[in-house]
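**Q** Encoded as structure tokens, here's the structure I'll be asking about.
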There are 4 protein chains.
Amino acid sequence: MTSFPTSLGTSDADSISLLGQDLAHDLMGKVSFGELAFWLLTQRRPTSGETRVFEAVLIGLADHGFTPTAIAARLTYLSAPDAVQGAVAAGLLGGGSRFLGVTEDTGSFLGEALAEAAAAGTADAASALPEIDDAAAWDAIALRAVTSRRDAGRFVPGLGHPVHKTGDPRTPRLIGIDREEGLFGAHLALFEAIGRVHEGVLGKRLPLNGAGVSGAALADLGLPPELLRATVLLARCAGLIGHIAEEMRRPVANSIYLTVDRNARYVEPGSASAE
Amino acid sequence: MTSFPTSLGTSDADSISLLGQDLAHDLMGKVSFGELAFWLLTQRRPTSGETRVFEAVLIGLADHGFTPTAIAARLTYLSAPDAVQGAVAAGLLGGGSRFLGVTEDTGSFLGEALAEAAAAGTADAASALPEIDDAAAWDAIALRAVTSRRDAGRFVPGLGHPVHKTGDPRTPRLIGIDREEGLFGAHLALFEAIGRVHEGVLGKRLPLNGAGVSGAALADLGLPPELLRATVLLARCAGLIGHIAEEMRRPVANSIYLTVDRNARYVEPGSASAE
Amino acid sequence: MTSFPTSLGTSDADSISLLGQDLAHDLMGKVSFGELAFWLLTQRRPTSGETRVFEAVLIGLADHGFTPTAIAARLTYLSAPDAVQGAVAAGLLGGGSRFLGVTEDTGSFLGEALAEAAAAGTADAASALPEIDDAAAWDAIALRAVTSRRDAGRFVPGLGHPVHKTGDPRTPRLIGIDREEGLFGAHLALFEAIGRVHEGVLGKRLPLNGAGVSGAALADLGLPPELLRATVLLARCAGLIGHIAEEMRRPVANSIYLTVDRNARYVEPGSASAE
Amino acid sequence: MTSFPTSLGTSDADSISLLGQDLAHDLMGKVSFGELAFWLLTQRRPTSGETRVFEAVLIGLADHGFTPTAIAARLTYLSAPDAVQGAVAAGLLGGGSRFLGVTEDTGSFLGEALAEAAAAGTADAASALPEIDDAAAWDAIALRAVTSRRDAGRFVPGLGHPVHKTGDPRTPRLIGIDREEGLFGAHLALFEAIGRVHEGVLGKRLPLNGAGVSGAALADLGLPPELLRATVLLARCAGLIGHIAEEMRRPVANSIYLTVDRNARYVEPGSASAE
């Protein structure tokens with residue numbers, strides 16, 4: 001018979017184990033939920049500094065008001081109030097490429113640029129990447145990365161924000177926390193350098209956004225790009241249950257529905273008169 | 001034009017506010033993710049003791065190995081690896097009445113029993129409910145609650161466990177944390193009393209399970225029953241991203257699928273020869 | 001080893017079987033999709049008349065414009081255009097008790113009322129239920145059913161509509177199709193009688209709505225109440241892919257999002273000044 | 001105020017319109033559900049031949065027994081039997097790139113190859129593409145398309161099947177239906193040609209699979225690639241409600257869960273001893 005390996009939860013009559021720890025005695029009351037979440041994702045216990053950075057990222061991405069995902073969750077709760085899990089799930093399903101993808105795109109982009117820089121550097125240096133505070137060296141790597149991305153006709157992820165046009169307040173704050181904890185690493189160093197050099201290549205000055213800096217910070221914690229979207233989904237899950245709880249107390253979903261329905265404009269199929 | 005009120009996230013060009021706080025400066029790096037989640041649910045900042053209890057509950061409910069929800073999430077990831085949000089959502093959709101409902105059922109049941117006891121008590125006492133350590137008084141309330149539930153032909157929620165037949169290790173641990181933090185309240189007092197008296201009514205001794213004690217503890221934190229399932233969903237979200245991360249590194253979903261498919265047994269429709 | 005029985009799809013190297021039929025030669029090109037759906041639900045092949053009624057129900061329930069579920073699907077597509085399955089799923093998750101529950105509630109209610117009438121009738125009659133056209137006898141059953149429902153403080157499902165205040169055009173049409181096909185049965189007879197007698201009990205005249213008549217018609221086809229919601233979900237799936245296809249060609253989701261976001265009104269947490 | 005255009009459902013007090021038709025009188029009882037679904041997707045009424053092909057595709061893709069998506073739906077129903085919509089949604093969420101993506105990948109691939117061939121052909125021919133029965137000309141186009149795909153290191157979609165190694169029975173059947181209806185077009189002609197020539201390029205003979213031929217047939221009906229996954233999801237929705245209905249009558253999900261749980265093998269986190 002096939003067996004199914006796992007290192008997550010297991011139990012017998014008297015005890016419950018999670019990640020090789022005694023759930024009741026070693027985890028409950030002893031670690032924070034964010035620490036456990038990092039541990040579940042990586043199967044490695046984070047340090048207290050890593051936990052602080054990880055939780056700061058989760059908090060920074062938890063909620064942004066009436067986003068499309070929050071509205072979808074509220075409308076689903078309106079339709080099916082007996083199945084709260086469906087409302088949360090509907091909200092998370094908006095966690096795709098367009099709004100929540102920036103974090104993983106930035107993590108991937110930075111990781112690839114670092115791998116290229118390291119590969120290029122190995123011939124002539126003991127260390128493949130610059131010292132963390134050698135701004136000029138990071139600027140050179142950033143310039144190559146932004147230029148080659150632009151030349152490929154692709155976006156540089158992590159730049160620009162529809163509201164915070166001159167600066168996203170999460171960016172300096174997260175970098176500050178990272179520095180306080182001694183966890184400011186190559187991904188953030190490169191991301192900061194991109195912030196300095198991109199205007200020369202792209203011809204306009206854009207802020208480093210919070211989703212992008214989150215991707216850089218998570219990558220510096222050792223999270224591979226494919227786990228970044230999962231991290232954002234956990235953050236968003238907290239925001240969504242906040243929206244559903246608020247919807248229970250002070251509902252707006254029916255007003256949203258009626259606003260749309262009453263402003264619907266019927267157009268004959270095949271007609272060219274749309275919009 | 002209709003407006004849509006919210007107390008969650010809002011932002012302008014220079015700042016982001018969440019729950020009336022400055023997200024970057026007052027929340028990121030300063031509160032834990034579990035603290036923020038409680039705050040989002042209740043729109044009230046928890047004390048550090050409340051946060052510790054709330055996070056202990058989240059941790060106790062995060063993962064139980066290969067549950068139906070974890071398997072569903074892994075199978076969905078197998079089928080649609082490009083849409084991790086779908087795998088998380090599929091797992092959460094199992095968060096319904098059968099396995100995850102115990103927490104809210106217990107919270108509701110205890111709340112109703114306390115309301116009845118308080119209503120009965122108001123005529124003859126300054127305080128409607130017993131002192132928290134008056135075990136005999138709690139036993140009397142518990143006896144009435146269990147008896148009337150049994151008489152109505154309904155389950156007493158929070159009792160029994162398929163694996164932990166003589167005791168769920170999370171139960172004494174969570175009660176211990178609650179007592180350490182001075183947060184052991186009426187719901188937990190009644191739940192403990194149910195543990196003492198139910199055998200006399202039901203004719204068998206069952207353990208107080210971890211999902212039930214979580215419902216009691218969350219109710220003592222002031223969470224209404226309708227928010228308990230939302231809390232469990234957040235806990236489970238962390239477990240599910242752990243399963244998906246493990247599935248990425250050491251996949252089992254295809255083996256699960258093949259195990260089922262190869263042991264499928266075709267039965268003619270309408271035939272009586274099933275199972 | 002446990003085996004897993006099924007009467008649905010199975011295959012070997014040369015053939016594919018579904019419901020005991022050769023998929024390629026007996027089903028593809030020979031039955032309609034609606035016929036197959038009924039067959040999948042019941043594991044019984046419908047007659048052509050049953051198929052016509054079943055498909056009429058599916059068509060009547062497929063779409064109602066900008067419902068909360070359609071809006072949720074479009075917003076999810078906006079956020080995650082690379083995962084169309086998530087947008088369809090988000091829309092279906094609104095298929096809960098509030099809007100889509102009427103069909104199954106009506107089927108259940110009529111089934112219970114018929115069972116009671118049959119039980120009461122068996123003592124004194126060869127046939128437990130009236131002749132299908134004995135309006136007076138059906139009115140008597142309807143009067144008892146509506147009265148006892150009202151006395152229990154519960155809604156009579158299938159009555160009333162926010163838009164079609166004097167009559168839902170689907171109702172006479174579906175009854176007409178059922179009569180044409182000789183499939184007008186006890187559930188529809190009782191439902192029509194409820195339409196005649198409810199005003200005397202409830203004090204107001206309400207139309208028999210399309211969701212309710214659909215429940216009655218499906219119950220007359222032999223579908224048990226627990227399969228009625230599944231039927232509605234299939235109907236709605238077609239409507240949702242229509243919305244997503246229209247969203248691809250002529251998007252409105254971003255306008256919906258901006259309409260909500262720009263009319264958000266921030267309220268301090270804990271403040272009483274909401275709405 | 002922004003308005004939201006749609007050509008789908010709309011209604012007033014006395015009538016309901018869908019796609020510009022009177023729902024009750026022009027659609028219910030007059031068109032099949034599959035015909036309506038095509039109409040909803042394309043906003044164009046299909047001919048009876050197009051409807052027959054479209055429904056044959058839906059039927060061919062509706063169910064394949066215990067697929068990962070069917071298992072996920074059944075496990076979700078086990079956990080949350082009160083929310084059938086969640087079980088259907090969980091099943092659909094597996095409708096991603098890996099198993100259900102073949103149909104759209106094939107449609108896209110064929111469409112691109114035809115566009116290239118037409119572009120190449122316009123210089124020297126009145127008609128940009130060959131006569132439908134000019135097998136030699138189609139073989140030449142197929143050879144170029146397969147070769148350039150192989151040279152780009154990419155799969156040729158629509159080839160191969162894990163069970164039907166020498167031929168998928170749906171393929172000749174669907175082509176036959178298309179020919180009967182006079183709807184055999186350029187996409188199918190090219191797909192058949194790929195079946196004839198690929199062995200010379202790829203070095204092995206693979207069958208044209210049912211998902212691939214479905215993509216070709218839908219593309220010949222004029223459906224753009226981005227609507228093919230939506231079509232497959234509708235087909236699968238019918239299969240999933242069949243599984244859930246069967247699960248209600250003869251459950252297997254708990255046995256599946258126990259089979260996995262009892263064969264779980266705990267591995268220390270970080271250990272190298274996995275599978």
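Note on naming: chains are A, B, ... as they come in the structure tokens, residues start from 1 per chain, ligands start from 1 in the order shown.
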At a cut-off of 10 Å, which residues of chain C touch chain A? Count only C-alpha atoms and give the answer as a ChimeraX atom specification.

**A** /C:1,65-101,250-264,266,274-275

**Q** Give the helix (DSSP H, G or I) residues of range 43-224 of chain B, as DSSP finds them on the backbone, and put them as a ChimeraX atom specification.

**A** /B:48-60,68-79,84-92,101-121,135-151,170-180,186-202,210-220

**Q** Need the shell around range 49-59 of chain D: protein/DNA/RNA residues with any atom at most 6 Å away, counting only C-alpha atoms. Skip same-chain ones fewer than 3 positions apart. Format as a JSON list (two decimals) with N, CA, C and O atoms, in the first residue's frame?

**A**
```json
[["chain", "number", "residue", "atom", "x", "y", "z"],
["C", 28, "MET", "N", -22.75, 10.99, -26.88],
["C", 28, "MET", "CA", -22.34, 12.15, -27.69],
["C", 28, "MET", "C", -23.13, 12.20, -28.99],
["C", 28, "MET", "O", -23.18, 11.22, -29.74],
["C", 29, "GLY", "N", -23.76, 13.34, -29.25],
["C", 29, "GLY", "CA", -24.52, 13.50, -30.49],
["C", 29, "GLY", "C", -25.91, 12.90, -30.43],
["C", 29, "GLY", "O", -26.69, 13.06, -31.36],
["C", 33, "PHE", "N", -27.44, 17.96, -23.50],
["C", 33, "PHE", "CA", -26.67, 18.16, -22.27],
["C", 33, "PHE", "C", -27.59, 18.16, -21.06],
["C", 33, "PHE", "O", -27.25, 17.63, -20.00],
["D", 34, "GLY", "N", -28.19, 23.44, -23.54],
["D", 34, "GLY", "CA", -26.91, 23.59, -24.21],
["D", 34, "GLY", "C", -26.94, 24.73, -25.23],
["D", 34, "GLY", "O", -25.97, 25.49, -25.37],
["D", 35, "GLU", "N", -28.08, 24.85, -25.92],
["D", 35, "GLU", "CA", -28.22, 25.95, -26.88],
["D", 35, "GLU", "C", -28.15, 27.30, -26.15],
["D", 35, "GLU", "O", -27.47, 28.22, -26.59],
["D", 46, "PRO", "N", -26.92, 29.77, -31.69],
["D", 46, "PRO", "CA", -26.31, 28.75, -32.55],
["D", 46, "PRO", "C", -27.37, 28.11, -33.44],
["D", 46, "PRO", "O", -28.56, 28.12, -33.13],
["D", 62, "ALA", "N", -17.93, 15.81, -19.56],
["D", 62, "ALA", "CA", -18.66, 16.00, -18.29],
["D", 62, "ALA", "C", -18.06, 15.24, -17.12],
["D", 62, "ALA", "O", -17.98, 15.74, -16.00],
["D", 181, "GLU", "N", -22.77, 17.45, -39.50],
["D", 181, "GLU", "CA", -23.44, 18.75, -39.41],
["D", 181, "GLU", "C", -22.85, 19.79, -40.36],
["D", 181, "GLU", "O", -23.24, 20.95, -40.33],
["D", 214, "SER", "N", -11.93, 18.41, -28.68],
["D", 214, "SER", "CA", -12.99, 19.32, -28.23],
["D", 214, "SER", "C", -12.58, 20.77, -28.44],
["D", 214, "SER", "O", -13.40, 21.60, -28.86],
["D", 235, "ALA", "N", -19.34, 21.89, -18.55],
["D", 235, "ALA", "CA", -19.43, 20.44, -18.71],
["D", 235, "ALA", "C", -19.14, 19.74, -17.39],
["D", 235, "ALA", "O", -19.89, 18.85, -16.94]]
```

**Q** For range 172-174 of chain C, find every residue with an atom within 10 Å (counting only C-alpha atoms), except residues of its own chain fewer than 3 positions away, and show them as number ranges by chain.

**A** C: 53-54, 56-57, 60, 167-169, 177-180, 184, 188, 192, 208-210, 213-214, 217; D: 23-25, 28-29

**Q** Give me the residues near Ala216 in chain C as a list in words, where near means some atom within 9 Å (using only C-alpha atoms) and where sequence neighbours in that chain fewer than 5 positions away do not count.

**A**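 Once the adjacent positions are removed, what remains is Thr103, Glu104, Thr106, Gly107, Leu110, Gly111, Gly185, Ala186, His187, Leu188, Ala189, Leu190, Phe191, Ala211 and Leu221 of chain C.
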
**Q** One decimal, Å: what's the distance from CA of Leu114 in chain B over to CA of Gly212 in chain B, could you say?

**A**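 Distance reported for this atom pair: 15.7 Å.
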
**Q** Tell me which protein, DNA and RNA residues are within 8 Å of Gly20 in chain B, counting only C-alpha atoms, leaving out same-chain ones fewer than 2 positions away, and put them as a list in words.

**A**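 Contacts, with the query itself left out: Ser7, Leu8, Ser17, Leu18 and Asp22 of chain B; Glu268 and Pro269 of chain C.
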
**Q** Would you mind exporting the chosen residues as an mmCIF file, in the first residue's frame, restricted to all heavy atoms?

**A**
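Output file part.cif follows:
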```
data_model
loop_
_atom_site.group_PDB
_atom_site.id
_atom_site.type_symbol
_atom_site.label_atom_id
_atom_site.label_comp_id
_atom_site.auth_asym_id
_atom_site.auth_seq_id
_atom_site.Cartn_x
_atom_site.Cartn_y
_atom_site.Cartn_z
ATOM 1 N N SER B 7 -15.016 50.669 8.802
ATOM 2 C CA SER B 7 -14.003 51.089 9.767
ATOM 3 C C SER B 7 -12.704 50.325 9.562
ATOM 4 O O SER B 7 -11.837 50.346 10.420
ATOM 5 C CB SER B 7 -14.517 50.873 11.188
ATOM 6 O OG SER B 7 -15.734 51.560 11.386
ATOM 7 N N LEU B 8 -12.591 49.645 8.448
ATOM 8 C CA LEU B 8 -11.378 48.860 8.193
ATOM 9 C C LEU B 8 -10.369 49.749 7.451
ATOM 10 O O LEU B 8 -10.065 50.821 7.926
ATOM 11 C CB LEU B 8 -11.749 47.588 7.433
ATOM 12 C CG LEU B 8 -12.741 46.694 8.204
ATOM 13 C CD1 LEU B 8 -13.206 45.540 7.332
ATOM 14 C CD2 LEU B 8 -12.094 46.150 9.459
ATOM 15 N N SER B 17 -4.605 53.853 6.642
ATOM 16 C CA SER B 17 -5.197 53.674 7.958
ATOM 17 C C SER B 17 -5.911 52.329 7.984
ATOM 18 O O SER B 17 -6.509 51.907 6.989
ATOM 19 C CB SER B 17 -6.203 54.814 8.184
ATOM 20 O OG SER B 17 -7.013 54.534 9.299
ATOM 21 N N LEU B 18 -5.810 51.639 9.103
ATOM 22 C CA LEU B 18 -6.535 50.383 9.292
ATOM 23 C C LEU B 18 -7.069 50.382 10.709
ATOM 24 O O LEU B 18 -6.301 50.562 11.657
ATOM 25 C CB LEU B 18 -5.605 49.187 9.047
ATOM 26 C CG LEU B 18 -6.222 47.800 9.177
ATOM 27 C CD1 LEU B 18 -7.378 47.600 8.217
ATOM 28 C CD2 LEU B 18 -5.157 46.717 8.921
ATOM 29 N N ASP B 22 -2.610 54.137 12.219
ATOM 30 C CA ASP B 22 -1.680 54.312 11.107
ATOM 31 C C ASP B 22 -1.019 52.960 10.830
ATOM 32 O O ASP B 22 -0.264 52.441 11.660
ATOM 33 C CB ASP B 22 -0.635 55.368 11.500
ATOM 34 C CG ASP B 22 0.337 55.643 10.362
ATOM 35 O OD1 ASP B 22 1.036 54.688 9.934
ATOM 36 O OD2 ASP B 22 0.390 56.781 9.887
ATOM 37 N N GLU C 268 -15.053 55.827 12.307
ATOM 38 C CA GLU C 268 -14.163 55.368 13.369
ATOM 39 C C GLU C 268 -14.686 54.062 13.984
ATOM 40 O O GLU C 268 -15.882 53.939 14.235
ATOM 41 C CB GLU C 268 -14.068 56.419 14.486
ATOM 42 C CG GLU C 268 -13.142 57.570 14.170
ATOM 43 C CD GLU C 268 -11.684 57.136 14.006
ATOM 44 O OE1 GLU C 268 -11.187 56.366 14.850
ATOM 45 O OE2 GLU C 268 -11.056 57.575 13.020
ATOM 46 N N PRO C 269 -13.811 53.101 14.253
ATOM 47 C CA PRO C 269 -14.270 51.867 14.910
ATOM 48 C C PRO C 269 -14.951 52.193 16.238
ATOM 49 O O PRO C 269 -14.495 53.080 16.969
ATOM 50 C CB PRO C 269 -12.975 51.082 15.158
ATOM 51 C CG PRO C 269 -11.968 51.660 14.233
ATOM 52 C CD PRO C 269 -12.366 53.088 14.008
#
```

**Q** Which residues come within 8 Å of range 141-153 of chain D, counting only C-alpha atoms, excluding same-chain residues fewer than 5 positions away, as a PyMOL selection string?

**A** chain D and resi 113+117+190-191+193-194+197-198+201-202

**Q** Give me, please, the distance in Å between CA of Gly239 in chain B and CA of Ser108 in chain B, quoted to one decimal.

**A** 25.0 Å

**Q** Which value, in Å to one decimal, gives the distance between CA of Pro130 in chain C and CA of Asp220 in chain C?

**A**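 Atom-to-atom, CA of Pro130 in chain C and CA of Asp220 in chain C are spaced 15.0 Å apart.
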